[in-house]
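S.K.: Okay, handing you the structure first.
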Amino acid sequence: MATNELKSFKRLNFFRGFRTTEKDWNEGESYHVEKHRLHNRMFHGPGLVPHALGGLHVSGRGRGELAVEVQSGYAIDGAGNDIFLWEPEIKQLNPGDFKLPTTVYLVVRYLEEFTDFISYKENLDFKGHRRVTEGCKVEWTVTEPDVNSEIELCRVALTKDVKRITDAKDPFGPAENEIDLRYVPVAGCVGSFIDPKTLWELLEMIRRSKAVYAYLYHQMRILPASDVLHAFITLEMLMHSQLVDLRNVFKLYMIILSHQWTLIEEIEQNVPQVSSQRDFANFKKHVEIAMQKYDESAFSLEFLNALLGYQTECYKFMETMFDKSLRRERKIEVAPAADTNAVIENIKVRSAPFEDQMVIEGINMVLVDMIDPLDPESEREHQWKITGERDRYRTRQKLKYPDGVVVEDTGVAFEGGQIEFELRNIEPGKDIYVVWRMDYVHGDWEAEVESNDRRLPNCICAGSDRKFRWRNWVYVVPAEHVREVTARLKMKPITADRDINVFKMWAFQPITKGRGKK
C-alpha cells in the first residue's frame, strides 16, 4: 500500500449489515500505517532522533575489542518506518567478512515479523498470526547505506592490521579504525526538550555575551570578535525559532567555542593591553576547559548546564575588564516628565476598560503591551514567571472599584520569591507606567524592583481597603532608565508574610499629541 502505488487513500466505512472479512480489517490497518509513514516522510525526513532513549549512539567498547556498543534509540527511514531499538546491542565485527582495507558501515534496518500464531482445533482452516511485530536489525555492511531502507549509525575505515575499534579522538576528523559519526543522518523536528529555565538562562547569557563581543569588535576593532558576536546572534535567532535542542545545541556551541579560540589567539598576538590582564587569562582558561570537555562526548543536560556555567564566567571576566566602557551608555533625549502623581491616582481607581490610547490628566497615553498571567501564550511571550515562592495559587474575584463598578477577573497570588516578566514595544526615553489590577485588601507591602538589570526605587503598596477592593496599582519606570525596546522587570517582595496578587497587567507610555501606537 505504498503511496506511489496509490491514487487515493480509502478508509473503512461501517454501516448496518456490513459483513467484514480479514481483508477489510487488514486494509483498515494498512490505511493508518501508510498515513503515519507519509507524515514521517513529509514532515520529519530520515535519520535518528538524538534525544529519544539512548539516541542510537555508537561508542567503542574500551576493551581493545573489534566491537562497538549501540545504545537504544529511535529512527525513521526514508520510507517513513519507525525503527525502535529497545535495548543496547553489542555488534562484533569480523575482519574476515571483508576485503581489507575498506570502509564498513553500521546500519539499522526496519523489519516486520508475523508473530502470535494461533490455530483453532475446532476448525483447522481458522489459523494465522494475530500480530505483526515491528522490529529492526543492526548489522555491518560494506555497501554505502541507502537512506530509503536503512539508517547509518556510524562508519569505520578499517586497515589490514586492525586490532580494535575506538572512539574518535577528533570527532571532526576521525582516523583509521576510529568510529566516524559525521555522516549519521538526523531526523528533522521542531521544538525543544530543554527545560524553560535553562532556555531562559541561555538567552540571558547570549544577551550579555553579545554586548561584550560587540564592544570588542565595534569599539576595539578586534576583527575575530565579529565572528563570535554573529555566532551568538545566530544562536539567539535559532532559539527564538524553537530549533535549539539537545540534538544540536552542542554542535552549535562548538562553533562559538572555535570562534572564541580564534579571538583568543588574535588578542594574544596583537592586543597586549588585554592579553596581559588576569581576567583575560581566566577567560581563556574557561574556554579551554569547555573545549576539553567535548572530548568526553557526554552530551547531556548536565553537560549543557556545565557549558552554560563556563560561558557565563567568560562574559563576566570580559565585563570586568571593560566595565567602564560597557556601562558608558549613549545619551538619549528624555521626554518631558508628566504629572506622574496625578496620572497614577487617576489610573488607580479607573474601573472603565483601558483603551489603546487615552488622555489621563491631560497627558496622552498609549498602551504598549498587556499581560494576562493565566494565559499560557501570554506568559510565554512575556517570559512571565514566579520563582522561589513559598506558596502560590490562582484566584478568581468579583469585586468593586471605589466608584461602585463591579468587575470579575482571574489572577495569581504568591508569597515570597519574586516575579519576572518582559514588556515589549517600549519607546526609549519615556516613562513606563506598569499597571496591574490587584485585590487591595492584601495591601501594605513593599518590593525591590529591577529593570534590565538596573536597580530602581522600591515599589510600595501603601494601605488597604476591605470594601472597595479593586485597585489598579501603578509602578513607574523613570525615563532615564528606559534605554531599550524591551524592559525586563523583576519584583521581589521584602515584606514578611504578605501575599502579592496580580490580575491583568498593562504598560503605558506618554506620547506626543496626535501620535498613534507603534
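Chain labels follow the order of the C-alpha cells: the first chain is A, the next B, and so on; residue numbering restarts at 1 in every chain, and ligands are counted from 1 in their shown order.
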Within 7 Å of Val228 (chain A), counting only C-alpha atoms, which residues show up once you throw out same-chain ones fewer than 4 positions away? Write them as a list in words, please.
M.R.: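 Selected residues are Tyr213, Pro224, Phe232, Ile256, His259 and Gln260 of chain A.
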S.K.: Name the residues of region 369-467 of chain A that come out as helix (DSSP H, G or I) in a backbone DSSP run; write them as a PDB file with N, CA and C atoms, in the first residue's frame.
M.R.:
```
ATOM      1  N   PRO A 376      -1.368  30.919  28.922  1.00  0.00           N
ATOM      2  CA  PRO A 376      -0.050  30.328  28.643  1.00  0.00           C
ATOM      3  C   PRO A 376       0.712  31.034  27.533  1.00  0.00           C
ATOM      4  N   GLU A 377       0.013  31.432  26.462  1.00  0.00           N
ATOM      5  CA  GLU A 377       0.697  32.096  25.354  1.00  0.00           C
ATOM      6  C   GLU A 377       1.230  33.457  25.778  1.00  0.00           C
ATOM      7  N   SER A 378       0.419  34.192  26.557  1.00  0.00           N
ATOM      8  CA  SER A 378       0.867  35.495  27.050  1.00  0.00           C
ATOM      9  C   SER A 378       2.048  35.335  27.999  1.00  0.00           C
ATOM     10  N   GLU A 379       2.004  34.304  28.867  1.00  0.00           N
ATOM     11  CA  GLU A 379       3.119  34.038  29.776  1.00  0.00           C
ATOM     12  C   GLU A 379       4.391  33.754  28.991  1.00  0.00           C
ATOM     13  N   ARG A 380       4.274  32.922  27.947  1.00  0.00           N
ATOM     14  CA  ARG A 380       5.454  32.540  27.172  1.00  0.00           C
ATOM     15  C   ARG A 380       6.023  33.745  26.423  1.00  0.00           C
ATOM     16  N   GLU A 381       5.161  34.538  25.792  1.00  0.00           N
ATOM     17  CA  GLU A 381       5.626  35.682  25.015  1.00  0.00           C
ATOM     18  C   GLU A 381       6.323  36.724  25.896  1.00  0.00           C
ATOM     19  N   TYR A 440      -7.006  44.924  46.679  1.00  0.00           N
ATOM     20  CA  TYR A 440      -6.356  45.872  47.589  1.00  0.00           C
ATOM     21  C   TYR A 440      -6.530  45.498  49.054  1.00  0.00           C
ATOM     22  N   VAL A 441      -7.332  44.478  49.339  1.00  0.00           N
ATOM     23  CA  VAL A 441      -7.428  44.036  50.726  1.00  0.00           C
ATOM     24  C   VAL A 441      -6.094  43.461  51.189  1.00  0.00           C
ATOM     25  N   HIS A 442      -5.280  42.996  50.205  1.00  0.00           N
ATOM     26  CA  HIS A 442      -3.943  42.480  50.524  1.00  0.00           C
ATOM     27  C   HIS A 442      -2.909  43.555  50.198  1.00  0.00           C
TER      28      HIS A 442
END
```
S.K.: Just the residues within 8 Å of Ser451 (chain A), please, counting only C-alpha atoms, with nothing from its chain fewer than 3 positions along; format it as a list of chain:residue names.
M.R.: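 My list of contacting residues is A:Arg454, A:Arg455, A:Leu456, A:Val477, A:His481, A:Ala487, A:Arg488, A:Leu489, A:Lys490.
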S.K.: Enumerate the residues of region 142-329 of chain A with a DSSP assignment of strand (DSSP E), computed from the backbone, and present them as a list of chain:residue names.
M.R.: A:Glu150, A:Ile151, A:Glu152, A:Leu153, A:Cys154, A:Arg155, A:Val156, A:Ala157, A:Leu158
S.K.: With only C-alpha atoms as the basis for distance, which of A:Trp261, A:Met505, A:Asp146, A:Glu313 is at the shortest distance from His382 (chain A)?
M.R.: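 Ranked by minimum distance to His382 (chain A), first place goes to A:Met505.
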S.K.: Here is a test: counting only C-alpha atoms, which residue of A:Arg164, A:Lys35, A:Arg63, A:Arg392 is nearest to Leu93 (chain A)?
M.R.: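 Residue with the minimum atom-to-atom distance to Leu93 (chain A): A:Arg164.
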